[in-house]
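The next block is entry32.txt, given as compact mmCIF, C-alpha atoms.
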# COMPACT_ATOMS: atom_id res chain seq x y z
CA MET H 282 3.31 -23.31 -6.80
CA SER H 283 3.72 -19.96 -8.58
CA LYS H 284 5.56 -16.97 -7.13
CA ILE H 285 2.25 -15.19 -6.55
CA ASP H 286 0.74 -18.25 -4.83
CA ASP H 287 3.74 -18.19 -2.52
CA LEU H 288 3.32 -14.45 -1.85
CA ALA H 289 -0.35 -14.94 -0.92
CA ARG H 290 0.64 -17.22 1.95
CA ARG H 291 2.69 -14.70 3.86
CA THR H 292 2.29 -11.19 5.23
CA GLY H 293 3.37 -8.37 2.93
CA GLU H 294 6.11 -5.92 3.84
CA TRP H 295 3.65 -3.07 4.39
CA LEU H 296 1.90 -5.07 7.15
CA ARG H 297 4.98 -6.58 8.77
CA GLY H 298 4.30 -4.50 11.87
CA GLY H 299 7.90 -3.40 12.40
CA GLY H 300 9.81 -0.20 11.88
CA PRO H 301 9.70 3.12 13.74
CA LEU H 302 6.30 4.31 15.02
CA SER H 303 4.59 1.27 13.48
CA GLU H 304 1.70 1.56 15.94
CA VAL H 305 0.54 4.56 13.86
CA VAL H 306 2.59 4.46 10.64
CA ILE H 307 1.83 1.26 8.74
CA SER H 308 4.27 1.87 5.91
CA THR H 309 6.42 4.34 4.02
CA ARG H 310 6.45 4.28 0.23
CA ILE H 311 8.27 6.35 -2.39
CA ARG H 312 7.62 6.10 -6.13
CA LEU H 313 9.51 7.64 -9.01
CA ALA H 314 7.85 8.18 -12.41
CA ARG H 315 10.16 7.80 -15.39
CA ASN H 316 9.67 7.71 -19.18
CA LEU H 317 12.07 6.61 -21.88
CA ALA H 318 13.45 9.11 -24.37
CA GLY H 319 12.54 8.24 -27.94
CA PHE H 320 9.12 6.78 -27.10
CA PRO H 321 5.76 8.59 -26.87
CA PHE H 322 3.88 8.64 -23.57
CA LEU H 323 1.73 5.56 -23.16
CA SER H 324 -1.47 7.33 -24.21
CA ARG H 325 0.16 7.91 -27.60
CA CYS H 326 2.03 4.61 -27.92
CA THR H 327 1.07 2.03 -30.51
CA ALA H 328 0.70 -1.59 -29.37
CA GLN H 329 4.11 -2.34 -30.87
CA GLN H 330 5.75 0.56 -29.05
CA ARG H 331 4.25 -0.64 -25.74
CA ASN H 332 5.70 -4.07 -26.45
CA ASP H 333 9.10 -2.55 -27.23
CA VAL H 334 9.07 -0.50 -23.99
CA GLN H 335 8.20 -3.55 -21.92
CA LYS H 336 10.82 -5.72 -23.59
CA LEU H 337 13.54 -3.11 -23.04
CA LEU H 338 12.63 -2.42 -19.41
CA LYS H 339 12.13 -6.09 -18.55
CA GLU H 340 15.65 -6.84 -19.78
CA GLN H 341 17.11 -4.01 -17.68
CA ILE H 342 15.12 -4.99 -14.57
CA GLU H 343 16.25 -8.61 -14.78
CA ARG H 344 19.88 -7.45 -15.02
CA LEU H 345 19.71 -5.38 -11.83
CA ASP H 346 21.92 -6.56 -8.99
CA LEU H 347 20.00 -5.45 -5.91
CA GLY H 348 21.23 -8.14 -3.55
CA GLN H 349 18.00 -10.11 -3.83
CA GLU H 350 16.06 -11.93 -6.53
CA ILE H 351 13.73 -9.94 -8.78
CA PHE H 352 10.97 -11.90 -10.49
CA TYR H 353 8.95 -10.45 -13.35
CA VAL H 354 5.19 -10.78 -13.85
CA ASP H 355 3.60 -10.09 -17.23
CA ILE H 356 0.47 -8.32 -16.00
CA ASP H 357 -1.28 -8.44 -19.37
CA GLN H 358 -1.00 -12.24 -19.37
CA ALA H 359 -1.57 -12.71 -15.64
CA ASP H 360 -4.74 -14.22 -14.26
CA GLU H 361 -7.27 -11.72 -12.91
CA LEU H 362 -6.89 -13.20 -9.42
CA ASP H 363 -3.11 -12.83 -9.54
CA ARG H 364 -3.49 -9.17 -10.48
CA LEU H 365 -5.88 -8.66 -7.57
CA VAL H 366 -3.43 -10.26 -5.12
CA LEU H 367 -0.61 -8.00 -6.30
CA MET H 368 -2.82 -4.95 -5.88
CA GLU H 369 -3.88 -6.00 -2.37
CA ARG H 370 -0.21 -6.37 -1.46
CA GLN H 371 0.47 -2.78 -2.67
CA LEU H 372 2.85 -4.10 -5.34
CA ILE H 373 0.87 -2.70 -8.28
CA SER H 374 -1.72 0.04 -8.49
CA ARG H 375 -5.40 -0.45 -9.26
CA GLN H 376 -4.79 1.26 -12.61
CA HIS H 377 -2.04 -1.24 -13.42
CA ALA H 378 -4.19 -4.20 -12.40
CA GLU H 379 -7.22 -3.10 -14.41
CA GLY H 380 -5.43 -1.64 -17.43
CA GLU H 381 -4.97 -3.08 -20.88
CA GLY H 382 -2.07 -3.79 -23.18
CA SER H 383 1.53 -4.83 -22.71
CA ARG H 384 2.60 -4.18 -19.11
CA GLY H 385 4.37 -5.90 -16.24
CA VAL H 386 6.08 -5.58 -12.87
CA GLY H 387 9.40 -6.65 -11.40
CA ILE H 388 9.13 -7.59 -7.71
CA SER H 389 11.86 -8.28 -5.17
CA THR H 390 11.49 -11.36 -3.00
CA SER H 391 11.30 -9.12 0.09
CA GLU H 392 8.46 -7.14 -1.57
CA THR H 393 10.26 -3.91 -0.69
CA ILE H 394 10.84 -3.13 -4.38
CA ALA H 395 8.34 -3.07 -7.24
CA LEU H 396 9.15 -1.82 -10.74
CA MET H 397 5.94 -1.23 -12.71
CA VAL H 398 6.27 -1.15 -16.49
CA ASN H 399 3.67 0.64 -18.64
CA GLU H 400 1.39 1.74 -15.82
CA GLU H 401 0.73 5.46 -16.42
CA ASP H 402 4.36 6.13 -17.27
CA HIS H 403 6.82 3.77 -18.92
CA LEU H 404 8.38 3.01 -15.54
CA ARG H 405 7.26 3.46 -11.95
CA ILE H 406 9.96 2.59 -9.40
CA GLN H 407 8.57 1.84 -5.93
CA VAL H 408 10.29 1.16 -2.62
CA LEU H 409 8.20 0.21 0.40
CA ARG H 410 9.13 -0.04 4.07
CA SER H 411 7.22 -1.06 7.16
CA GLY H 412 6.82 1.78 9.67
CA LEU H 413 8.25 5.26 9.23
CA GLY H 414 11.52 5.38 7.30
CA LEU H 415 11.67 8.21 4.79
CA PRO H 416 15.49 8.66 4.62
CA GLU H 417 16.16 4.91 4.21
CA THR H 418 13.42 4.54 1.62
CA TRP H 419 14.74 7.50 -0.36
CA ASP H 420 18.33 6.23 -0.28
CA GLU H 421 17.20 2.87 -1.66
CA ILE H 422 15.03 4.22 -4.47
CA ASP H 423 17.67 6.79 -5.45
CA ARG H 424 20.21 3.96 -5.76
CA ILE H 425 17.87 1.91 -7.99
CA ASP H 426 17.09 4.95 -10.14
CA ASP H 427 20.79 5.63 -10.62
CA MET H 428 21.48 2.00 -11.55
CA LEU H 429 18.74 1.99 -14.18
CA GLY H 430 19.77 5.43 -15.42
CA GLU H 431 23.22 4.11 -16.33
CA SER H 432 21.75 2.06 -19.18
CA LEU H 433 18.48 3.90 -19.91
CA GLU H 434 17.93 7.37 -21.32
CA TYR H 435 15.07 9.04 -19.49
CA ALA H 436 12.86 11.74 -20.98
CA TYR H 437 14.27 14.85 -19.29
CA HIS H 438 13.97 18.60 -19.86
CA GLN H 439 16.71 20.91 -18.68
CA ARG H 440 14.19 23.37 -17.25
CA TYR H 441 11.26 21.20 -16.19
CA GLY H 442 13.03 18.03 -15.09
CA TYR H 443 11.68 14.52 -15.67
CA LEU H 444 8.78 14.50 -18.12
CA THR H 445 5.75 12.49 -17.05
CA ALA H 446 2.30 11.60 -18.37
CA CYS H 447 0.58 13.46 -15.53
CA PRO H 448 1.58 17.15 -15.12
CA THR H 449 1.55 16.87 -11.32
CA ASN H 450 4.51 14.47 -11.50
CA VAL H 451 6.67 16.62 -13.77
CA GLY H 452 9.94 17.69 -12.15
CA THR H 453 11.37 15.11 -9.82
CA GLY H 454 8.66 12.54 -10.61
CA ILE H 455 8.57 11.65 -6.93
CA ARG H 456 5.49 10.58 -5.00
CA VAL H 457 6.02 10.15 -1.26
CA SER H 458 3.31 8.31 0.62
CA VAL H 459 2.79 7.12 4.17
CA MET H 460 -0.01 4.84 5.30
CA LEU H 461 -1.44 5.77 8.69
CA HIS H 462 -3.75 4.00 11.12
CA LEU H 463 -5.82 6.74 12.80
CA PRO H 464 -8.68 5.08 14.72
CA ALA H 465 -8.53 7.37 17.76
CA LEU H 466 -8.76 10.57 15.71
CA LYS H 467 -11.77 9.07 13.96
CA PHE H 468 -13.33 8.01 17.29
CA THR H 469 -12.85 11.47 18.82
CA GLY H 470 -14.09 13.38 15.75
CA GLN H 471 -10.80 15.18 15.09
CA LEU H 472 -9.95 13.56 11.77
CA ASP H 473 -11.37 16.25 9.47
CA GLN H 474 -9.44 18.95 11.29
CA VAL H 475 -6.15 17.06 10.95
CA PHE H 476 -6.74 16.29 7.28
CA GLN H 477 -7.59 19.89 6.49
CA ALA H 478 -4.23 20.89 7.95
CA ALA H 479 -2.57 18.28 5.71
CA ARG H 480 -4.39 19.59 2.63
CA ASP H 481 -3.31 23.12 3.51
CA MET H 482 0.24 21.84 3.17
CA ARG H 483 -0.56 20.47 -0.30
CA LEU H 484 -0.78 16.84 0.80
CA ALA H 485 -3.39 14.50 -0.66
CA VAL H 486 -5.45 12.19 1.55
CA ARG H 487 -6.35 8.84 -0.02
CA GLY H 488 -7.68 5.42 0.91
CA LEU H 489 -5.97 2.11 1.50
CA TYR H 490 -5.14 1.48 -2.16
CA GLY H 491 -4.19 5.01 -3.13
CA GLU H 492 -5.67 7.32 -5.72
CA GLY H 493 -9.38 6.86 -6.37
CA THR H 494 -10.01 4.65 -3.33
CA GLU H 495 -11.98 5.31 -0.17
CA ALA H 496 -10.60 4.98 3.35
CA VAL H 497 -11.51 1.65 4.96
CA GLY H 498 -10.85 0.60 8.53
CA ASP H 499 -9.35 3.94 9.59
CA PHE H 500 -6.39 3.48 7.22
CA TYR H 501 -5.33 6.53 5.21
CA GLN H 502 -2.54 7.49 2.87
CA LEU H 503 -0.94 10.91 2.86
CA SER H 504 1.06 11.85 -0.24
CA ASN H 505 2.50 14.90 -1.97
CA GLN H 506 0.40 16.41 -4.78
CA THR H 507 3.00 18.17 -6.90
CA THR H 508 6.69 17.81 -7.66
CA LEU H 509 7.49 20.68 -10.04
CA GLY H 510 9.76 23.36 -8.58
CA LYS H 511 10.82 21.30 -5.56
CA SER H 512 13.73 18.98 -5.01
CA GLU H 513 13.31 15.48 -3.63
CA GLY H 514 14.87 16.66 -0.39
CA GLN H 515 12.36 19.50 -0.03
CA ILE H 516 9.39 17.20 -0.60
CA ILE H 517 10.66 14.66 1.94
CA SER H 518 11.44 17.47 4.37
CA GLU H 519 7.83 18.68 4.17
CA PHE H 520 6.67 15.24 5.14
CA GLU H 521 9.12 15.13 8.02
CA GLN H 522 7.62 18.39 9.29
CA ILE H 523 3.95 17.43 9.26
CA LEU H 524 4.08 13.69 9.98
CA PRO H 525 5.23 13.98 13.61
CA LYS H 526 2.30 16.32 14.23
CA VAL H 527 -0.25 13.89 12.79
CA ILE H 528 1.32 11.00 14.70
CA ASP H 529 1.32 13.03 17.90
CA TYR H 530 -2.34 13.99 17.43
CA GLU H 531 -3.26 10.30 17.09
CA LYS H 532 -1.21 9.36 20.15
CA GLN H 533 -2.82 12.14 22.18
CA ALA H 534 -6.28 11.00 21.04
CA ARG H 535 -5.48 7.43 22.12
CA GLN H 536 -4.36 8.61 25.54
CA ALA H 537 -7.49 10.74 25.87
CA LEU H 538 -9.62 7.66 25.15
CA LEU H 539 -7.74 5.68 27.81
CA ARG H 540 -8.17 8.50 30.28
CA ASP H 541 -11.69 9.75 29.60
CA LYS H 542 -13.59 7.12 27.59
CA LEU H 543 -12.15 3.81 28.68
CA THR H 544 -15.50 2.01 28.83
CA SER H 545 -16.49 3.16 25.36
CA LEU H 546 -13.06 2.26 24.04
CA ASP H 547 -13.14 -1.24 25.54
CA ASP H 548 -16.67 -1.76 24.30
CA LYS H 549 -15.62 -0.90 20.74
CA ILE H 550 -12.59 -3.21 20.91
CA TRP H 551 -14.31 -6.19 22.52
CA ARG H 552 -17.46 -5.81 20.44
CA ALA H 553 -15.27 -6.06 17.33
CA TYR H 554 -13.50 -9.11 18.76
CA GLY H 555 -16.80 -10.80 19.56
CA MET H 556 -18.27 -10.12 16.13
CA LEU H 557 -15.24 -11.57 14.39
CA GLN H 558 -15.27 -14.63 16.63
CA TYR H 559 -18.93 -15.42 16.00
CA ALA H 560 -19.91 -13.91 12.64
CA ARG H 561 -21.13 -16.30 9.94
CA SER H 562 -20.81 -13.81 7.08
CA VAL H 563 -18.61 -10.74 6.87
CA SER H 564 -17.49 -8.52 3.99
CA SER H 565 -13.89 -7.47 3.41
CA GLU H 566 -14.80 -3.85 4.22
CA GLU H 567 -16.43 -4.76 7.53
CA THR H 568 -13.52 -7.04 8.35
CA LEU H 569 -11.02 -4.19 7.98
CA PHE H 570 -13.29 -1.96 10.08
CA LEU H 571 -13.38 -4.52 12.90
CA LEU H 572 -9.70 -5.43 12.64
CA SER H 573 -8.87 -1.73 12.91
CA HIS H 574 -10.45 -1.71 16.38
CA LEU H 575 -8.56 -4.86 17.33
CA ARG H 576 -5.30 -3.36 16.13
CA MET H 577 -5.86 -0.31 18.34
CA GLY H 578 -6.75 -2.60 21.25
CA VAL H 579 -3.54 -4.60 20.87
CA ASN H 580 -1.39 -1.46 20.57
CA LEU H 581 -3.01 0.07 23.67
CA GLY H 582 -2.65 -3.09 25.71
CA ARG H 583 -6.42 -3.47 26.12
CA ILE H 584 -6.43 -6.94 24.61
CA ASP H 585 -3.72 -9.55 25.10
CA GLN H 586 -5.41 -12.57 23.52
CA LEU H 587 -4.13 -11.53 20.10
CA SER H 588 -0.78 -10.53 18.66
CA LEU H 589 -0.29 -7.66 16.26
CA LYS H 590 1.14 -10.21 13.82
CA THR H 591 -2.15 -12.14 13.76
CA VAL H 592 -4.21 -8.98 13.24
CA ASN H 593 -1.95 -7.83 10.40
CA GLU H 594 -2.06 -11.25 8.74
CA LEU H 595 -5.86 -11.25 8.88
CA MET H 596 -5.98 -7.79 7.30
CA LEU H 597 -4.33 -9.19 4.19
CA SER H 598 -5.46 -12.82 4.07
CA THR H 599 -9.15 -11.86 4.27
CA GLN H 600 -9.02 -9.59 1.23
CA PRO H 601 -10.90 -11.05 -1.79
CA GLY H 602 -7.88 -12.04 -3.87
CA HIS H 603 -5.94 -13.57 -1.00
CA LEU H 604 -8.94 -15.42 0.38
CA GLN H 605 -9.60 -17.08 -2.96
CA LYS H 606 -5.91 -17.91 -3.40
CA LEU H 607 -5.76 -19.52 0.03
CA ARG H 608 -8.97 -21.41 -0.66
CA GLY H 609 -7.74 -22.52 -4.06
CA GLU H 610 -10.96 -21.66 -5.88
CA ARG H 611 -12.99 -18.78 -7.28
CA LEU H 612 -15.69 -17.59 -4.89
CA ALA H 613 -18.82 -15.52 -5.49
CA GLY H 614 -19.47 -12.55 -3.19
CA GLU H 615 -21.90 -14.14 -0.71
CA GLN H 616 -19.94 -17.38 -0.64
CA ARG H 617 -16.75 -15.41 -0.08
CA ASP H 618 -18.25 -13.57 2.90
CA ALA H 619 -19.23 -16.86 4.56
CA ILE H 620 -15.83 -18.47 3.98
CA ARG H 621 -14.10 -15.31 5.22
CA ALA H 622 -16.08 -15.49 8.47
CA GLU H 623 -15.20 -19.17 8.88
CA TYR H 624 -11.53 -18.49 8.24
CA ILE H 625 -11.46 -15.67 10.81
CA ARG H 626 -13.19 -17.83 13.42
CA GLN H 627 -10.57 -20.51 12.95
CA ARG H 628 -7.71 -18.03 13.25
CA LEU H 629 -9.22 -16.50 16.39
CA HIS H 630 -9.97 -19.93 17.88
CA GLY H 631 -13.66 -19.14 17.94
CA PRO H 632 -16.41 -21.75 17.49
CA SER H 633 -16.45 -23.36 14.04
CA GLU H 634 -19.61 -25.41 14.26
CA ASN H 635 -22.62 -24.55 12.11
Spit out the file's structure as structure tokens when you get a sec.
Amino acid sequence: MSKIDDLARRTGEWLRGGGPLSEVVISTRIRLARNLAGFPFLSRCTAQQRNDVQKLLKEQIERLDLGQEIFYVDIDQADELDRLVLMERQLISRQHAEGEGSRGVGISTSETIALMVNEEDHLRIQVLRSGLGLPETWDEIDRIDDMLGESLEYAYHQRYGYLTACPTNVGTGIRVSVMLHLPALKFTGQLDQVFQAARDMRLAVRGLYGEGTEAVGDFYQLSNQTTLGKSEGQIISEFEQILPKVIDYEKQARQALLRDKLTSLDDKIWRAYGMLQYARSVSSEETLFLLSHLRMGVNLGRIDQLSLKTVNELMLSTQPGHLQKLRGERLAGEQRDAIRAEYIRQRLHGPSEN
């Protein structure tokens, strides 16, 4: 069994369900964009230069002593299904999965660390934590950056800071992102108002898989848009100012539903539960939509037949890549929807007869 096959059979770090405020904050992620001095940006690299960058960075990644094993995946040589699984687990970006040319990723066994090589920049360092944990996540990624910086020369300008392929990353190269589950704000029609406030503070709102993706199942990512002219501490501090407000708005909306719209709330939760128990065909998008309601029901104590662990596992195992990995075969869309429904029924102890 390959490392990726093994990954596909367990819940990823971002859905572990632990950490502070995990009922609203799914995960905390920080990325650092770095490029090597002496090499062009990837858009200007020759195929040989891309190979040289990957070889150099792979050697440095495999030498890192982070207290846990790091295994390296050559993305260019990886199977399409393996790339999809890594993307669904938030270990590589969609751009990295669908790109071309020499590229790879180093992944820690805990899945808290991913080191993407030749994505948009030569190196993207990522640290991921379940729940809200900005200071801890920053301390870890800063340590890794320092360790790599001892043997690598980064492209750095005395005035502008770290030089990156995208101008919005120039400076610190930091991208802070939190994934939020906001079903009550969606239910009560307050989501647009909250997101406008976030945008006013120069935060980007994205979908489940980051840039270029739509929100599915009431899951959203908030991230900083620019890094130039601000220190890492300032950017993290901005997050620490607005996040408690967004979290509090969601909590207030949940309490308002319990107080004023309990019947409607229970109907939404139990209707989702019933559909998942009895459906014979269900898409991955609809599955996330229904599981979002179940997750809110579990967190609010409205449903005790399910654990948060089961809901989180289903969120990942029913995604296209994972479903096919667990099944051990390639599946066409309609066939995949039927097998997904069967798998969910079995996990929920619903009827499995035809």
*Which residues come within 9 Å of H:Ile523, counting only C-alpha atoms, excluding same-chain residues fewer than 6 positions away, as a ChimeraX atom specification?*
/H:478-479,482
*asked:* Give me the residues near H:Val527 as an NGL selection string, where near means some atom within 10 Å (using all atoms listed in the file) and where sequence neighbours in that chain fewer than 3 positions away do not count.
replied: :H and (305 or 461 or 463 or 466 or 472 or 475-476 or 478-479 or 522-524 or 530-533)
*May I ask for the distance between atom CA of H:Lys467 and atom CA of H:Thr544, given in Å to one decimal place?*
16.9 Å
If we count only C-alpha atoms and set the cut-off at 12 Å, which residues sit around H:Arg364, ignoring sequence neighbours fewer than 2 positions away in its own chain? Please answer as an mmCIF file with C-alpha atoms, keeping the file's coordinate frame.
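What ended up in result_18.cif:
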data_model
loop_
_atom_site.group_PDB
_atom_site.id
_atom_site.type_symbol
_atom_site.label_atom_id
_atom_site.label_comp_id
_atom_site.auth_asym_id
_atom_site.auth_seq_id
_atom_site.Cartn_x
_atom_site.Cartn_y
_atom_site.Cartn_z
ATOM 1 C CA ILE H 285 2.250 -15.190 -6.550
ATOM 2 C CA ASP H 286 0.740 -18.250 -4.830
ATOM 3 C CA ALA H 289 -0.350 -14.940 -0.920
ATOM 4 C CA VAL H 354 5.190 -10.780 -13.850
ATOM 5 C CA ASP H 355 3.600 -10.090 -17.230
ATOM 6 C CA ILE H 356 0.470 -8.320 -16.000
ATOM 7 C CA ASP H 357 -1.280 -8.440 -19.370
ATOM 8 C CA GLN H 358 -1.000 -12.240 -19.370
ATOM 9 C CA ALA H 359 -1.570 -12.710 -15.640
ATOM 10 C CA ASP H 360 -4.740 -14.220 -14.260
ATOM 11 C CA GLU H 361 -7.270 -11.720 -12.910
ATOM 12 C CA LEU H 362 -6.890 -13.200 -9.420
ATOM 13 C CA VAL H 366 -3.430 -10.260 -5.120
ATOM 14 C CA LEU H 367 -0.610 -8.000 -6.300
ATOM 15 C CA MET H 368 -2.820 -4.950 -5.880
ATOM 16 C CA GLU H 369 -3.880 -6.000 -2.370
ATOM 17 C CA ARG H 370 -0.210 -6.370 -1.460
ATOM 18 C CA GLN H 371 0.470 -2.780 -2.670
ATOM 19 C CA LEU H 372 2.850 -4.100 -5.340
ATOM 20 C CA ILE H 373 0.870 -2.700 -8.280
ATOM 21 C CA SER H 374 -1.720 0.040 -8.490
ATOM 22 C CA ARG H 375 -5.400 -0.450 -9.260
ATOM 23 C CA GLN H 376 -4.790 1.260 -12.610
ATOM 24 C CA HIS H 377 -2.040 -1.240 -13.420
ATOM 25 C CA ALA H 378 -4.190 -4.200 -12.400
ATOM 26 C CA GLU H 379 -7.220 -3.100 -14.410
ATOM 27 C CA GLY H 380 -5.430 -1.640 -17.430
ATOM 28 C CA ARG H 384 2.600 -4.180 -19.110
ATOM 29 C CA GLY H 385 4.370 -5.900 -16.240
ATOM 30 C CA VAL H 386 6.080 -5.580 -12.870
ATOM 31 C CA PRO H 601 -10.900 -11.050 -1.790
ATOM 32 C CA GLY H 602 -7.880 -12.040 -3.870
ATOM 33 C CA HIS H 603 -5.940 -13.570 -1.000
ATOM 34 C CA LYS H 606 -5.910 -17.910 -3.400
#
_I want to know what sits within 10 Å of H:Met577, based on all atoms listed in the file, with residues of the same chain fewer than 3 positions away left out; could you give that as a PyMOL selection string?_
chain H and resi 304-305+462-465+535+546+550+572-574+580-584+589
*asked:* Calculated over all atoms listed in the file, which of the candidates H:Leu313, H:Met460, H:Ala395, H:Ala318 has the smallest distance to H:Leu347?
replied: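 Nearest candidate to H:Leu347 out of H:Leu313, H:Met460, H:Ala395, H:Ala318: H:Ala395.
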*Atom-to-atom span, atom CA of H:Glu521 and atom CA of H:Gln506, Å*: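 Between these atoms lies a distance of 15.5 Å.
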*Expressed in Å to a single decimal, how great is the separation between atom CA of H:Ser391 and atom CA of H:Glu421?*
13.5 Å
*Of the residues H:Leu575, H:Ile307, H:Leu323, H:Ala436, which is the one nearest to H:Met556, using only C-alpha atoms?*
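Residue with the minimum atom-to-atom distance to H:Met556: H:Leu575.
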*asked:* Counting all atoms listed in the file, which residue out of H:Gly470, H:Gly454, H:Gly510, H:Gly298 sits closest to H:Asn316?
replied: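 Selected residue with least distance to H:Asn316: H:Gly454.
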*Among the residues H:Val398, H:Ala534, H:Leu569, H:Val457, the one that comes closest to H:Thr418 [using all atoms listed in the file]*: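 Result for the nearest residue to H:Thr418: H:Val457.
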*Using all atoms listed in the file, which of H:Asn593, H:Asn505, H:Ser383, H:Ser283 sits nearest H:Gly299?*
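For H:Gly299, the nearest of the candidates is H:Asn593.
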*asked:* Let me make sure I understand: among H:Leu413, H:Ile455, H:Ser389, H:Val408, which one has the smallest atom-to-atom distance to H:Pro525 if we use only C-alpha atoms?
replied: H:Leu413
*Hey, what's within 8 Å of H:Thr568 if we count all atoms listed in the file and toss same-chain stuff fewer than 4 positions away? As a ChimeraX atom specification, please?*
/H:557,563-564,572,596,599
Please reconstruct the missing atoms of stretch 585-600 of chain H (target: N, CA, C and O atoms) and return them as an mmCIF file, in the frame of the given file.
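File written: selection.cif
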data_model
loop_
_atom_site.group_PDB
_atom_site.id
_atom_site.type_symbol
_atom_site.label_atom_id
_atom_site.label_comp_id
_atom_site.auth_asym_id
_atom_site.auth_seq_id
_atom_site.Cartn_x
_atom_site.Cartn_y
_atom_site.Cartn_z
ATOM 1 N N ASP H 585 -4.968 -8.790 25.179
ATOM 2 C CA ASP H 585 -3.720 -9.550 25.100
ATOM 3 C C ASP H 585 -3.920 -10.959 24.561
ATOM 4 O O ASP H 585 -2.998 -11.759 24.526
ATOM 5 N N GLN H 586 -5.137 -11.258 24.102
ATOM 6 C CA GLN H 586 -5.410 -12.570 23.520
ATOM 7 C C GLN H 586 -4.895 -12.686 22.093
ATOM 8 O O GLN H 586 -4.806 -13.781 21.549
ATOM 9 N N LEU H 587 -4.555 -11.558 21.495
ATOM 10 C CA LEU H 587 -4.130 -11.530 20.100
ATOM 11 C C LEU H 587 -2.776 -10.831 19.986
ATOM 12 O O LEU H 587 -2.459 -9.931 20.754
ATOM 13 N N SER H 588 -2.020 -11.240 18.973
ATOM 14 C CA SER H 588 -0.780 -10.530 18.660
ATOM 15 C C SER H 588 -1.022 -9.596 17.484
ATOM 16 O O SER H 588 -1.938 -9.805 16.681
ATOM 17 N N LEU H 589 -0.198 -8.579 17.395
ATOM 18 C CA LEU H 589 -0.290 -7.660 16.260
ATOM 19 C C LEU H 589 -0.039 -8.409 14.958
ATOM 20 O O LEU H 589 -0.648 -8.110 13.923
ATOM 21 N N LYS H 590 0.825 -9.410 15.005
ATOM 22 C CA LYS H 590 1.140 -10.210 13.820
ATOM 23 C C LYS H 590 -0.127 -10.895 13.283
ATOM 24 O O LYS H 590 -0.385 -10.886 12.074
ATOM 25 N N THR H 591 -0.925 -11.465 14.193
ATOM 26 C CA THR H 591 -2.150 -12.140 13.760
ATOM 27 C C THR H 591 -3.132 -11.156 13.144
ATOM 28 O O THR H 591 -3.737 -11.425 12.100
ATOM 29 N N VAL H 592 -3.292 -9.990 13.768
ATOM 30 C CA VAL H 592 -4.210 -8.980 13.240
ATOM 31 C C VAL H 592 -3.764 -8.538 11.849
ATOM 32 O O VAL H 592 -4.571 -8.438 10.917
ATOM 33 N N ASN H 593 -2.467 -8.271 11.693
ATOM 34 C CA ASN H 593 -1.950 -7.830 10.400
ATOM 35 C C ASN H 593 -2.128 -8.906 9.327
ATOM 36 O O ASN H 593 -2.472 -8.613 8.181
ATOM 37 N N GLU H 594 -1.882 -10.159 9.696
ATOM 38 C CA GLU H 594 -2.060 -11.250 8.740
ATOM 39 C C GLU H 594 -3.510 -11.349 8.287
ATOM 40 O O GLU H 594 -3.796 -11.573 7.104
ATOM 41 N N LEU H 595 -4.438 -11.182 9.222
ATOM 42 C CA LEU H 595 -5.860 -11.250 8.880
ATOM 43 C C LEU H 595 -6.267 -10.088 7.972
ATOM 44 O O LEU H 595 -7.141 -10.246 7.113
ATOM 45 N N MET H 596 -5.658 -8.938 8.150
ATOM 46 C CA MET H 596 -5.980 -7.790 7.300
ATOM 47 C C MET H 596 -5.712 -8.089 5.841
ATOM 48 O O MET H 596 -6.431 -7.616 4.959
ATOM 49 N N LEU H 597 -4.683 -8.877 5.570
ATOM 50 C CA LEU H 597 -4.330 -9.190 4.190
ATOM 51 C C LEU H 597 -4.994 -10.476 3.707
ATOM 52 O O LEU H 597 -5.558 -10.522 2.615
ATOM 53 N N SER H 598 -4.956 -11.518 4.520
ATOM 54 C CA SER H 598 -5.460 -12.820 4.070
ATOM 55 C C SER H 598 -6.962 -12.856 3.882
ATOM 56 O O SER H 598 -7.479 -13.754 3.217
ATOM 57 N N THR H 599 -7.689 -11.886 4.433
ATOM 58 C CA THR H 599 -9.150 -11.860 4.270
ATOM 59 C C THR H 599 -9.597 -10.988 3.108
ATOM 60 O O THR H 599 -10.798 -10.892 2.836
ATOM 61 N N GLN H 600 -8.658 -10.358 2.407
ATOM 62 C CA GLN H 600 -9.020 -9.590 1.230
ATOM 63 C C GLN H 600 -9.445 -10.563 0.108
ATOM 64 O O GLN H 600 -8.995 -11.716 0.077
#
